[in-house]
Each structure stands twice: as C-alpha cells, then as structure tokens.
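One structure below.
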Amino acid sequence: MEIQKEFHALKTAKDHITNHVPFFPGTLLVKDALEKLHNPEKNFKNIEEIYIGEGDILMGIVHLSALYNAKDSVALHTLIDPKKLITVSPSTPQEKVAYTALQHECRSVAVVEKNTGKFLGVIPSPTLLKILHKELREDILHLSGIHEPPKENEDNIFTIPFYKAVFGRFPWLLIGLFGGMFTAQMVSQFEEVLSNNLILAAFIPLIAYVADAVGTQMEAYTIRDMAIFRDIHIIKYFLRQLSIILVIAILLGVVLWSMSMLFFHESSTIGIILFLSVICASISSLFTGILIPFFFRKLKLDPANASGPIGTIIQDVLSIFIYFSIAKALL
C-alpha cells in the first residue's frame, strides 16, 4: 500500500546518530584543532560545530567561526559557549529531536547518555531536515483522516481467523453477563425503597440509558483521540471532558425534571432525585468512557474490543447504584 509507506516506525535519536564529527579534548590548541579539521582522512560529516570533551564526556560546543577568530595558542575549552550546548538522550523521539533543534536554532543536536553524559554522536542538519519532512507529511495525512495501519494488538476483521474474532470478544461479553447478574442482586438490596415508590422502577431504564449513552459517546471520542494524537495528557484531557459533561449533564437533568413534573405529575422530590441521578450518573461516565480505554491501551489491549462490554456493565452498576442511593437518601 502506497499510503502505508508514508508511515514509519517510531524512531528515536539513537537511530540517526553519526559519530563522524570532530570531538576534541578541551586542552587541544586552536592551531592543532584546525590541522585536524583540514585532514582529509578524518572524513568528518559535519564541521560547523566542534564538540569538546573530557574523556568521553561532552563538555560543550565551539562553532567553527569562533575557532577561526581565536588565536592559535588558545585552548578549545576557553571558547565553549555554555548556552549553546543542547543535547538529547538516545531514547528521545525523533520528532522531539527535530523540534528541539528548531526551538534552539541548532544546526545539529548532540546525543549523550542521560545518566553518564557520555558523548554518543550527533544528529546533523540534513538528518534533522529529513525528520521534519517526514513528520510534516505524516501530520498532513492525519489531518486528511488517514492514520496508521492497525497495530498488532488491534483486531483487523479482514485478516484475523474467525475463531480469534469470536473468542477475542466473547470473554468481555461474558464478564458483562455476570455483571448484569450482580446489578440485579444490587437492585434487590433497595427493595424497600422500590416497593414504597414504584414510580422509581419506571425510570431505571432511562437513567441507565442516559449514562450509557454519555459513556459510549465518551469512549468513541477517547478511542478516536488516542488514535489521532500521539500523546494525550490524561489529566488535562479528563478535566476538559469533565467541564463539557458537567454542562451536558445539568441540561439533561433539567429536561428530565421538567418532563417528570409535566407528564407524570410526580412530587418535587422524585423530580429532584431524577435531576441529581442524571447529573451524577453522567459524570460517572467519565471514568468508564476515558479511564477504561486508557487502561486497556496501557495493557496493550485493543480498547475498541474491550472497552464497550466492560464499560457498559460498570456504567450500569454505577448508574443504578447512584440512582437508588440518592432515592434512599431523599425519600
């Protein structure tokens, strides 16, 4: 597939390192450094920056212009500009390396071991430009709605064996079945409240539906956003969705309260129970709609496969428990 060629495996700084760059000791004199630079046998890939070290530890960088403007008898370590030393670790993602170079206006980026400071090499300017070009093309494809092919842990219905498709889904639905039995048992614990206020039973499907609908919608947004965006800050994402769901929940609560008073002519207490139940149940859907997909993604399981059945039963249990707990407290 031509489109798939546009995508590349996640690469890091270590995949682009070259050590064919001038790496001189700080005690080396300028005249000796220039001699080494002019030596054709060295075959340096980049001589715009001279990397100064002590042993194999990077101390700093000296630009070529500073070298030519200095006196021959000056030691290289005296020419180091500490503000110009920008480094990354070998595990730094390649796009972050490129963006770091742009941010600090670096022609190249040094790669050092995180804990020891050992100089491993350099990512030169041509390589940085190639990384930026690839990232730009990928981002354009993303904006066009074209995303990465499915990962190994995600089901592809056209290629996986039939038995795997069945048994990949069945266990999660079986868990949901047992969860439904648990919900029925939980409802029986509120038998007294229910028997004294039979109207509450009429609204059980509605409360469960609203919370499930909000949670399912949230799951769809979360799974979509995880596929589109490389990194999602879960706390910021959660708080952003919380503000949206809170407004939606209040609006739904007001509508339900108004309809219960208008069509069922129920007491104001029942209306308040429905109002609070819809708000609390909808807010609880944030946990099933956001945290569950993130949790399964963390376990390297396909969130689209597991989130639905597990999220639905957890949401049903939470919704019914919230509904009857509020009813028991107010009646």
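In the structure tokens, each chain is lettered A, B, ... as it comes, each chain's residues begin at 1, and ligands are numbered from 1 in order of appearance.
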Note to self: Excluding His104 of chain A and its own-chain neighbours fewer than 3 positions away, which residues fall within 12 Å of it when counting only C-alpha atoms? Please give them as a list of chain:residue names.
What the structure shows: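 Selected residues are A:Lys83, A:Lys84, A:Leu85, A:Ile86, A:Thr87, A:Val97, A:Ala98, A:Tyr99, A:Thr100, A:Ala101, A:Arg107, A:Ser108, A:Val109.
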Next item on the list: Report the residues of segment 6-252 of chain A whose backbone DSSP state falls under strand (DSSP E), written as a PyMOL selection string.
Entry: chain A and resi 23-25+49-54+57-63+87-88+109-112+119-123
Checklist line | Proximity to Ile47 of chain A - best of A:Val122, A:Val111, A:Leu177, A:Val247, only C-alpha atoms | finding: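 Using only C-alpha atoms, the shortest distance to Ile47 of chain A belongs to A:Val122.
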Margin query: Could you tell me how far atom CA of Met261 of chain A sits from atom CA of Glu192 of chain A, in Å to one decimal place?
Written below: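 Atom CA of Met261 of chain A lies 23.7 Å from atom CA of Glu192 of chain A.
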Checklist line | Pick from A:Phe294, A:Phe287, A:Tyr68, A:Tyr209 nearest to His233 of chain A, counting only C-alpha atoms | finding: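 Nearest candidate to His233 of chain A out of A:Phe294, A:Phe287, A:Tyr68, A:Tyr209: A:Phe294.
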Check: Residues of segment 185-248 of chain A in helix (DSSP H, G or I) according to DSSP, as number ranges by chain?
Finding: A: 185-188, 191-196, 199-202, 204-228, 234-248
Got time to write the residues from that selection, N, CA and C atoms, as a short mmCIF file (atom, residue, chain, number, x, y, z; two decimals), in the first residue's frame?
data_model
loop_
_atom_site.label_atom_id
_atom_site.label_comp_id
_atom_site.auth_asym_id
_atom_site.auth_seq_id
_atom_site.Cartn_x
_atom_site.Cartn_y
_atom_site.Cartn_z
N GLN A 185 -28.81 -8.29 41.58
CA GLN A 185 -28.67 -8.53 43.01
C GLN A 185 -28.62 -7.22 43.79
N MET A 186 -27.94 -6.22 43.21
CA MET A 186 -27.81 -4.94 43.88
C MET A 186 -29.16 -4.24 43.97
N VAL A 187 -29.99 -4.32 42.92
CA VAL A 187 -31.31 -3.70 42.93
C VAL A 187 -32.17 -4.28 44.04
N SER A 188 -32.01 -5.58 44.28
CA SER A 188 -32.81 -6.23 45.32
C SER A 188 -32.50 -5.68 46.72
N GLU A 191 -35.00 -2.98 47.85
CA GLU A 191 -36.37 -3.45 47.69
C GLU A 191 -37.37 -2.57 48.45
N GLU A 192 -37.00 -2.16 49.64
CA GLU A 192 -37.91 -1.36 50.46
C GLU A 192 -38.20 -0.01 49.82
N VAL A 193 -37.15 0.66 49.36
CA VAL A 193 -37.33 1.97 48.69
C VAL A 193 -38.17 1.79 47.44
N LEU A 194 -37.92 0.72 46.69
CA LEU A 194 -38.61 0.49 45.43
C LEU A 194 -40.08 0.14 45.66
N SER A 195 -40.37 -0.66 46.69
CA SER A 195 -41.74 -1.07 46.95
C SER A 195 -42.59 0.10 47.43
N ASN A 196 -42.00 1.04 48.13
CA ASN A 196 -42.73 2.21 48.61
C ASN A 196 -42.87 3.30 47.56
N ILE A 199 -42.87 4.17 41.24
CA ILE A 199 -42.56 5.02 40.09
C ILE A 199 -41.07 5.03 39.78
N LEU A 200 -40.24 4.76 40.81
CA LEU A 200 -38.79 4.74 40.59
C LEU A 200 -38.39 3.67 39.58
N ALA A 201 -39.13 2.54 39.57
CA ALA A 201 -38.81 1.45 38.64
C ALA A 201 -38.98 1.88 37.19
N ALA A 202 -39.93 2.78 36.96
CA ALA A 202 -40.20 3.22 35.59
C ALA A 202 -39.03 3.99 34.99
N ILE A 204 -35.72 3.47 35.82
CA ILE A 204 -34.45 2.74 35.82
C ILE A 204 -33.86 2.65 34.41
N PRO A 205 -34.63 2.20 33.39
CA PRO A 205 -34.04 2.13 32.03
C PRO A 205 -33.57 3.48 31.52
N LEU A 206 -34.30 4.55 31.88
CA LEU A 206 -33.93 5.87 31.38
C LEU A 206 -32.62 6.34 31.98
N ILE A 207 -32.47 6.19 33.31
CA ILE A 207 -31.23 6.62 33.95
C ILE A 207 -30.05 5.81 33.41
N ALA A 208 -30.26 4.48 33.28
CA ALA A 208 -29.19 3.62 32.75
C ALA A 208 -28.84 3.99 31.32
N TYR A 209 -29.88 4.29 30.50
CA TYR A 209 -29.63 4.63 29.10
C TYR A 209 -28.83 5.91 28.97
N VAL A 210 -29.27 6.95 29.69
CA VAL A 210 -28.59 8.25 29.57
C VAL A 210 -27.12 8.12 29.94
N ALA A 211 -26.84 7.45 31.07
CA ALA A 211 -25.45 7.29 31.49
C ALA A 211 -24.66 6.46 30.49
N ASP A 212 -25.29 5.36 29.96
CA ASP A 212 -24.62 4.53 28.96
C ASP A 212 -24.35 5.31 27.68
N ALA A 213 -25.32 6.12 27.29
CA ALA A 213 -25.16 6.90 26.06
C ALA A 213 -24.02 7.90 26.19
N VAL A 214 -23.98 8.59 27.33
CA VAL A 214 -22.89 9.55 27.57
C VAL A 214 -21.55 8.82 27.61
N GLY A 215 -21.52 7.66 28.31
CA GLY A 215 -20.28 6.88 28.42
C GLY A 215 -19.82 6.33 27.09
N THR A 216 -20.76 5.81 26.28
CA THR A 216 -20.42 5.26 24.96
C THR A 216 -19.88 6.35 24.04
N GLN A 217 -20.55 7.50 24.09
CA GLN A 217 -20.08 8.64 23.29
C GLN A 217 -18.68 9.05 23.72
N MET A 218 -18.45 9.05 25.03
CA MET A 218 -17.14 9.40 25.56
C MET A 218 -16.08 8.40 25.13
N GLU A 219 -16.42 7.10 25.15
CA GLU A 219 -15.48 6.06 24.70
C GLU A 219 -15.09 6.28 23.25
N ALA A 220 -16.08 6.60 22.42
CA ALA A 220 -15.81 6.81 21.00
C ALA A 220 -14.84 7.98 20.80
N TYR A 221 -15.07 9.09 21.52
CA TYR A 221 -14.18 10.24 21.42
C TYR A 221 -12.78 9.88 21.93
N THR A 222 -12.72 9.16 23.04
CA THR A 222 -11.43 8.83 23.64
C THR A 222 -10.62 7.93 22.73
N ILE A 223 -11.25 6.86 22.21
CA ILE A 223 -10.54 5.93 21.32
C ILE A 223 -10.11 6.63 20.04
N ARG A 224 -10.98 7.51 19.52
CA ARG A 224 -10.61 8.27 18.32
C ARG A 224 -9.42 9.18 18.60
N ASP A 225 -9.47 9.89 19.74
CA ASP A 225 -8.39 10.83 20.06
C ASP A 225 -7.08 10.10 20.32
N MET A 226 -7.14 8.91 20.93
CA MET A 226 -5.91 8.13 21.14
C MET A 226 -5.30 7.70 19.82
N ALA A 227 -6.15 7.46 18.82
CA ALA A 227 -5.64 7.04 17.51
C ALA A 227 -5.05 8.22 16.73
N ILE A 228 -5.65 9.40 16.90
CA ILE A 228 -5.21 10.57 16.12
C ILE A 228 -3.99 11.23 16.74
N ILE A 234 -3.46 12.77 30.17
CA ILE A 234 -4.73 12.23 30.64
C ILE A 234 -5.42 13.16 31.63
N ILE A 235 -4.67 13.86 32.48
CA ILE A 235 -5.29 14.74 33.47
C ILE A 235 -5.96 15.93 32.78
N LYS A 236 -5.24 16.57 31.85
CA LYS A 236 -5.81 17.70 31.12
C LYS A 236 -7.00 17.25 30.28
N TYR A 237 -6.86 16.08 29.67
CA TYR A 237 -7.95 15.55 28.83
C TYR A 237 -9.18 15.28 29.69
N PHE A 238 -8.96 14.68 30.87
CA PHE A 238 -10.06 14.36 31.79
C PHE A 238 -10.77 15.62 32.25
N LEU A 239 -10.02 16.64 32.65
CA LEU A 239 -10.61 17.88 33.14
C LEU A 239 -11.38 18.62 32.04
N ARG A 240 -10.84 18.57 30.82
CA ARG A 240 -11.53 19.21 29.70
C ARG A 240 -12.87 18.53 29.44
N GLN A 241 -12.86 17.19 29.42
CA GLN A 241 -14.10 16.46 29.19
C GLN A 241 -15.07 16.63 30.36
N LEU A 242 -14.54 16.74 31.58
CA LEU A 242 -15.39 16.94 32.76
C LEU A 242 -16.21 18.21 32.64
N SER A 243 -15.55 19.30 32.20
CA SER A 243 -16.27 20.58 32.07
C SER A 243 -17.39 20.47 31.03
N ILE A 244 -17.13 19.72 29.96
CA ILE A 244 -18.15 19.56 28.91
C ILE A 244 -19.31 18.70 29.41
N ILE A 245 -18.98 17.56 30.04
CA ILE A 245 -20.01 16.63 30.51
C ILE A 245 -20.84 17.26 31.62
N LEU A 246 -20.23 18.07 32.46
CA LEU A 246 -20.96 18.71 33.55
C LEU A 246 -22.09 19.59 33.01
N VAL A 247 -21.79 20.38 31.99
CA VAL A 247 -22.81 21.24 31.38
C VAL A 247 -23.90 20.39 30.73
N ILE A 248 -23.48 19.35 29.97
CA ILE A 248 -24.45 18.47 29.31
C ILE A 248 -25.34 17.78 30.35
#
Check: Which residues, written as a PyMOL selection string, have at least one atom at most 7 Å from Lys31 of chain A, with only C-alpha atoms counted and residues fewer than 2 positions away on the same chain left out?
Finding: chain A and resi 29+33-35+72-73
Next item on the list: Go ahead and compute the interatomic distance for atom CA of Ile50 of chain A and atom CA of Lys114 of chain A, in Å to one decimal.
Entry: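 Atom CA of Ile50 of chain A sits 20.8 Å away from atom CA of Lys114 of chain A.
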Notebook entry, point to check: Which is closer to Gly271 of chain A than all the others in A:Leu256, A:Leu102, A:Leu251, A:Leu28, using only C-alpha atoms?
Noted result: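 For Gly271 of chain A, the nearest of the given residues is A:Leu256.
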Next item on the list: Using only C-alpha atoms, determine which residues lie at most 12 Å from Val255 of chain A, disregarding the query and same-chain residues fewer than 2 positions distant; provide the list as a ChimeraX atom specification.
Entry: /A:248-253,257-263,271-272,274-276,278-279
Check: Which one is closest to Val112 of chain A: A:Gln189, A:Ser277, A:Ser89, A:Ser268? Count only C-alpha atoms.
Finding: A:Ser89
Notebook entry, point to check: If we count only C-alpha atoms, what is near Lys42 of chain A at a cut-off of 9 Å, once residues fewer than 6 positions away on the same chain are taken out, given as an NGL selection string?
Noted result: :A and (20-22 or 36)
Checklist line | Given only C-alpha atoms as the counted atoms, nearest of A:Tyr51, A:Phe170, A:Phe119, A:Tyr323 to Phe23 of chain A | finding: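 Under the stated criterion, the closest residue is A:Tyr51.
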